[in-house]
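Undergrad: First the structure, then my questions, so here it is.
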Amino acid sequence: MQAEIRAESNKPETKKKFDVIIIGAGPSGYTAAIYTARAKRDTLVISGMLPGGQLMLTTEVENYPGFSDGILGPELMTIMRKQTERMGATIIDDEVVNVDFRRKPFKVLTYAEEYEADAVIIATGASPRKLGAKGEQEFSAKGVSYCATCDGPFFKNQEIVVVGGGDSAIEEAIFLTKFAKNVHIIHRKDTLRASKIMQDRAFENNKIKFHWNSVIDEIKGSQKVNQIMIRNVTTNQQNIMDVGGLFVAIGHEPNTNLFKGQIELDEQDYIVLKNHTYTSIEGIFAAGDVHDHRYRQAITAAGFGCMAAIDVDKYLSENRRK
């Protein structure tokens, strides 16, 4: 019994204080950590419940530089994680449940522990809004996509469906006409929310077909999507359409619930940047889709991660000289 107590007391304590904590482990979080660790900043990455972010739900990635034959999303994230660890950053697979940015050092609380840091990079990303249709989750990355720029080239000469009526949906539909045989826009209303110029471009495109007052009730297939069940919300009539791919473009939700009341957010709850990657609180930075609602690409997220890390390094150097 005494030996057990003695062994327990000799266990090393978990390190709780770091130079910088990075919340999130997608392309932006890993890239930021590579840069801060390489700059000899003691770095902690808290990965969240889905280490690797949205790319863990993506099959082949063709547009990330450096991989001539493409690479699977999870494989790309595994490589980034290994590189981050090789640079000396600490990575823990835990979820942040609360933060305190009111005073320094900043506090970040997970399910298991409380950590402190002189600087924090928020890289929690954004999540696409889901349809909630039967089969959507089953066929995610198997014909159901939330990013036309990422996955459009995989659907050459196929019948493709886009769900949505805003600028993003119309922009994605127009983009997909480069590859598709036809693009079918399904919208639950009889008018679009998109800007007039985007509407005009869509109406003038012979490849784009509109299905008004309609929703998708079910997504079907075997190994991948091959059919959808469409329902007219006015008549309640259902029809089956043979399709090769389905793109959901009904918006994204930034993962910022944790930070409400702590830092400034815009009307859509994206983090507001004041200068480069600086947020409204000195010492708190943001990188990737958590503030970027325009590009939402792995490569741009990684770029923002690099920028945030450089800003953090400069911030820490300047504040420690004071």
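Residue numbering restarts at 1 in every chain; chains get A, B, ... in the order shown in the structure tokens, and ligands count up from 1 in that same order.
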Residues at most 10 Å from Gln223 of chain A, counting only C-alpha atoms, excluding those fewer than 4 positions away in the same chain, as a VMD selection string?
TA: chain A and resid 138 to 139 142 to 143
Undergrad: Please write the residues from the selection above to a file, keeping C-alpha atoms, as a tab-separated table (two decimals), in the first residue's frame.
TA:
```tsv
chain	number	residue	atom	x	y	z
A	138	GLU	CA	-24.56	7.87	-44.42
A	139	PHE	CA	-23.51	9.28	-47.80
A	142	LYS	CA	-19.85	9.36	-50.78
A	143	GLY	CA	-21.67	11.69	-53.14
```
Undergrad: When you look at Pro105 of chain A with a cut-off of 7 Å (counting only C-alpha atoms), what residues show up, excluding the ones that are within fewer than 6 positions of it in the same chain? I need them as a ChimeraX atom specification.
TA: /A:116-118
Undergrad: Pick the closest to Glu253 of chain A from A:Lys130, A:Lys181, A:Lys209, A:His187: which is it, counting only C-alpha atoms?
TA: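 Among the listed residues, A:Lys130 lies closest to Glu253 of chain A.
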Undergrad: Near Gly251 of chain A, counting only C-alpha atoms, which residues have an atom at most 10 Å away, once you skip same-chain residues fewer than 3 positions from it, shown as a list of chain:residue names?
TA: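 After dropping sequence-adjacent residues, the list is A:Ala126, A:Ser127, A:Pro128, A:Arg129, A:Lys130, A:Tyr146, A:Gly164, A:Gly166, A:Asp167, A:Ser168, A:Ala169, A:Val248, A:Pro254, A:His293.
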Undergrad: Please identify all polymer residues within 12 Å of Gln238 of chain A, counting only C-alpha atoms, omitting same-chain residues fewer than 6 positions from it, and present them as a PDB file with N, CA, C and O atoms, in the first residue's frame.
TA:
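The new file around_2.pdb reads:
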```pdb
ATOM      1  N   ASN A 213     -39.994  25.319 -54.789  1.00  0.00           N
ATOM      2  CA  ASN A 213     -40.865  24.839 -53.710  1.00  0.00           C
ATOM      3  C   ASN A 213     -40.606  23.367 -53.375  1.00  0.00           C
ATOM      4  O   ASN A 213     -41.532  22.596 -53.134  1.00  0.00           O
ATOM      5  N   SER A 214     -39.333  23.015 -53.335  1.00  0.00           N
ATOM      6  CA  SER A 214     -38.997  21.594 -53.176  1.00  0.00           C
ATOM      7  C   SER A 214     -37.927  21.390 -52.106  1.00  0.00           C
ATOM      8  O   SER A 214     -37.076  22.255 -51.859  1.00  0.00           O
ATOM      9  N   VAL A 215     -38.001  20.213 -51.491  1.00  0.00           N
ATOM     10  CA  VAL A 215     -37.011  19.806 -50.495  1.00  0.00           C
ATOM     11  C   VAL A 215     -36.622  18.361 -50.769  1.00  0.00           C
ATOM     12  O   VAL A 215     -37.314  17.643 -51.499  1.00  0.00           O
ATOM     13  N   ILE A 216     -35.511  17.936 -50.171  1.00  0.00           N
ATOM     14  CA  ILE A 216     -35.071  16.554 -50.297  1.00  0.00           C
ATOM     15  C   ILE A 216     -35.464  15.799 -49.032  1.00  0.00           C
ATOM     16  O   ILE A 216     -35.085  16.177 -47.924  1.00  0.00           O
ATOM     17  N   ASP A 217     -36.226  14.738 -49.201  1.00  0.00           N
ATOM     18  CA  ASP A 217     -36.659  13.921 -48.066  1.00  0.00           C
ATOM     19  C   ASP A 217     -35.698  12.774 -47.778  1.00  0.00           C
ATOM     20  O   ASP A 217     -35.546  12.362 -46.630  1.00  0.00           O
ATOM     21  N   GLU A 218     -35.065  12.253 -48.842  1.00  0.00           N
ATOM     22  CA  GLU A 218     -34.213  11.079 -48.640  1.00  0.00           C
ATOM     23  C   GLU A 218     -33.129  11.026 -49.705  1.00  0.00           C
ATOM     24  O   GLU A 218     -33.341  11.407 -50.853  1.00  0.00           O
ATOM     25  N   ILE A 228     -32.159  10.631 -55.264  1.00  0.00           N
ATOM     26  CA  ILE A 228     -32.707  11.434 -54.180  1.00  0.00           C
ATOM     27  C   ILE A 228     -34.231  11.459 -54.302  1.00  0.00           C
ATOM     28  O   ILE A 228     -34.772  11.356 -55.404  1.00  0.00           O
ATOM     29  N   MET A 229     -34.881  11.574 -53.165  1.00  0.00           N
ATOM     30  CA  MET A 229     -36.334  11.702 -53.132  1.00  0.00           C
ATOM     31  C   MET A 229     -36.671  13.171 -52.902  1.00  0.00           C
ATOM     32  O   MET A 229     -36.320  13.742 -51.876  1.00  0.00           O
ATOM     33  N   ILE A 230     -37.320  13.797 -53.904  1.00  0.00           N
ATOM     34  CA  ILE A 230     -37.682  15.208 -53.830  1.00  0.00           C
ATOM     35  C   ILE A 230     -39.173  15.325 -53.523  1.00  0.00           C
ATOM     36  O   ILE A 230     -39.988  14.583 -54.073  1.00  0.00           O
ATOM     37  N   ARG A 231     -39.506  16.286 -52.652  1.00  0.00           N
ATOM     38  CA  ARG A 231     -40.912  16.531 -52.326  1.00  0.00           C
ATOM     39  C   ARG A 231     -41.262  17.999 -52.563  1.00  0.00           C
ATOM     40  O   ARG A 231     -40.560  18.892 -52.098  1.00  0.00           O
ATOM     41  N   ASN A 232     -42.360  18.212 -53.300  1.00  0.00           N
ATOM     42  CA  ASN A 232     -42.874  19.561 -53.505  1.00  0.00           C
ATOM     43  C   ASN A 232     -43.648  19.975 -52.251  1.00  0.00           C
ATOM     44  O   ASN A 232     -44.599  19.306 -51.858  1.00  0.00           O
TER      45      ASN A 232
END
```
Undergrad: As an mmCIF file with C-alpha atoms, in the first residue's frame, please: the residues near segment 109-111 of chain A (cut-off 9 Å, only C-alpha atoms, same-chain neighbours under 3 positions excluded).
TA:
```cif
data_model
loop_
_atom_site.group_PDB
_atom_site.id
_atom_site.type_symbol
_atom_site.label_atom_id
_atom_site.label_comp_id
_atom_site.auth_asym_id
_atom_site.auth_seq_id
_atom_site.Cartn_x
_atom_site.Cartn_y
_atom_site.Cartn_z
ATOM 1 C CA ILE A 46 -6.217 21.126 -28.079
ATOM 2 C CA ASP A 94 -9.694 16.829 -25.591
ATOM 3 C CA GLU A 95 -12.507 19.336 -26.017
ATOM 4 C CA VAL A 96 -12.506 22.907 -24.746
ATOM 5 C CA VAL A 97 -15.606 23.569 -22.660
ATOM 6 C CA ASN A 98 -14.889 27.097 -21.401
ATOM 7 C CA VAL A 99 -12.416 29.962 -21.733
ATOM 8 C CA ASP A 100 -11.566 33.060 -19.715
ATOM 9 C CA GLU A 114 -7.396 23.727 -17.033
ATOM 10 C CA TYR A 115 -4.546 25.302 -18.996
ATOM 11 C CA GLU A 116 -3.029 28.787 -19.128
#
```
Undergrad: Let's see if you can do this: from backbone DSSP, list all helix (DSSP H, G or I) residues in segment 74-317 of chain A, as a CSV table (one decimal) with C-alpha atoms, in the first residue's frame.
TA:
```
chain,number,residue,atom,x,y,z
A,74,PRO,CA,-7.6,12.0,-43.1
A,75,GLU,CA,-4.2,11.1,-44.5
A,76,LEU,CA,-3.3,14.8,-45.0
A,77,MET,CA,-4.4,15.6,-41.5
A,78,THR,CA,-2.3,12.7,-40.1
A,79,ILE,CA,0.8,14.0,-41.9
A,80,MET,CA,0.2,17.5,-40.5
A,81,ARG,CA,-0.2,16.1,-37.0
A,82,LYS,CA,3.0,14.2,-37.2
A,83,GLN,CA,4.8,17.3,-38.5
A,84,THR,CA,3.4,19.3,-35.7
A,85,GLU,CA,4.5,16.8,-33.1
A,86,ARG,CA,8.0,16.6,-34.7
A,148,ALA,CA,-18.1,22.5,-54.7
A,149,THR,CA,-14.6,23.9,-55.1
A,150,CYS,CA,-13.2,20.9,-53.2
A,151,ASP,CA,-15.2,18.1,-54.9
A,152,GLY,CA,-16.7,19.3,-58.1
A,153,PRO,CA,-14.1,17.8,-60.4
A,154,PHE,CA,-15.0,14.3,-59.1
A,155,PHE,CA,-18.5,14.5,-60.8
A,167,ASP,CA,-25.4,33.5,-53.4
A,168,SER,CA,-23.2,30.6,-52.2
A,169,ALA,CA,-25.6,28.0,-53.7
A,170,ILE,CA,-25.9,29.8,-57.0
A,171,GLU,CA,-22.1,30.4,-57.2
A,172,GLU,CA,-21.5,26.7,-56.5
A,173,ALA,CA,-24.1,25.7,-59.1
A,174,ILE,CA,-22.4,27.9,-61.8
A,175,PHE,CA,-19.0,26.5,-60.9
A,176,LEU,CA,-20.3,22.9,-61.1
A,196,LYS,CA,-29.7,39.7,-59.0
A,197,ILE,CA,-26.5,39.4,-60.9
A,198,MET,CA,-26.0,35.9,-59.6
A,199,GLN,CA,-29.6,35.0,-60.5
A,200,ASP,CA,-29.2,36.3,-64.0
A,201,ARG,CA,-26.1,34.3,-64.6
A,202,ALA,CA,-27.9,31.1,-63.4
A,203,PHE,CA,-31.0,31.7,-65.4
A,257,ASN,CA,-20.3,29.4,-29.1
A,258,LEU,CA,-17.5,29.2,-26.6
A,259,PHE,CA,-16.4,32.7,-27.3
A,298,ALA,CA,-7.8,23.9,-46.6
A,299,ILE,CA,-5.0,25.9,-48.2
A,300,THR,CA,-6.4,29.3,-47.1
A,301,ALA,CA,-7.0,28.0,-43.6
A,302,ALA,CA,-3.3,26.8,-43.5
A,303,GLY,CA,-2.2,30.3,-44.7
A,304,PHE,CA,-4.2,32.0,-42.0
A,305,GLY,CA,-2.6,29.6,-39.4
A,306,CYS,CA,0.8,30.7,-40.6
A,307,MET,CA,-0.2,34.4,-40.3
A,308,ALA,CA,-1.6,33.9,-36.8
A,309,ALA,CA,1.5,32.1,-35.6
A,310,ILE,CA,3.8,34.9,-36.9
A,311,ASP,CA,1.5,37.5,-35.3
A,312,VAL,CA,1.7,35.5,-32.0
A,313,ASP,CA,5.5,35.3,-32.1
A,314,LYS,CA,5.7,39.0,-32.6
A,315,TYR,CA,3.2,39.8,-29.9
A,316,LEU,CA,5.0,37.6,-27.3
A,317,SER,CA,8.4,39.1,-28.2
```
Undergrad: Identify which of the residues A:Ala180, A:Val45, A:Ala287, A:Val161 lies closest to Phe210 of chain A, counting only C-alpha atoms when measuring atom-to-atom distances.
TA: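 Comparing A:Ala180, A:Val45, A:Ala287, A:Val161 against Phe210 of chain A, the winner is A:Val161.
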Undergrad: Calculate how many Å separate atom CA of Asp266 of chain A from atom CA of Ala32 of chain A, rounding to one decimal.
TA: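 Taking atom CA of Asp266 of chain A as the start and atom CA of Ala32 of chain A as the end point, the length is 23.4 Å.
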Undergrad: For atom CA of Ala133 of chain A and atom CA of Gln227 of chain A, quote the distance in Å rounded to one decimal.
TA: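 So the two atoms, atom CA of Ala133 of chain A and atom CA of Gln227 of chain A, lie 12.8 Å apart.
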Undergrad: Grab the atom CA of Gly48 of chain A to atom CA of Ala286 of chain A distance for me, in Å with one decimal place.
TA: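 These two atoms are separated by 15.9 Å.
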Undergrad: Name the residues of segment 51-275 of chain A that fall into strand (DSSP E or B) according to DSSP on the backbone, using the chain letters and numbers of this document, as a ChimeraX atom specification.
TA: /A:60-61,71-72,90-92,96-100,106-110,114-122,126-128,134,140,144-145,159-163,182-186,208-211,214-221,225-232,238-242,245-248,252-254,260,263,265,271,275
Undergrad: Can you tell me, as a ChimeraX atom specification, what residues are no more than 7 Å from Ala123 of chain A when counting only C-alpha atoms, ignoring any on the same chain fewer than 6 positions away?
TA: /A:22-24,28-29,286-288,290
Undergrad: Would you kindly return, as an mmCIF file with N, CA and C atoms, in the first residue's frame, each protein, DNA or RNA residue with an atom no farther than 6 Å from any atom of Ala119 of chain A, considering only C-alpha atoms and excluding same-chain residues fewer than 3 positions away?
TA:
```cif
data_model
loop_
_atom_site.group_PDB
_atom_site.id
_atom_site.type_symbol
_atom_site.label_atom_id
_atom_site.label_comp_id
_atom_site.auth_asym_id
_atom_site.auth_seq_id
_atom_site.Cartn_x
_atom_site.Cartn_y
_atom_site.Cartn_z
ATOM 1 N N VAL A 20 1.635 29.546 -25.814
ATOM 2 C CA VAL A 20 0.465 29.712 -26.695
ATOM 3 C C VAL A 20 -0.365 28.436 -26.692
ATOM 4 N N GLY A 283 -3.823 39.657 -27.521
ATOM 5 C CA GLY A 283 -3.291 38.354 -27.139
ATOM 6 C C GLY A 283 -4.119 37.177 -27.614
ATOM 7 N N ILE A 284 -5.315 37.465 -28.156
ATOM 8 C CA ILE A 284 -6.173 36.417 -28.708
ATOM 9 C C ILE A 284 -6.210 36.590 -30.222
#
```
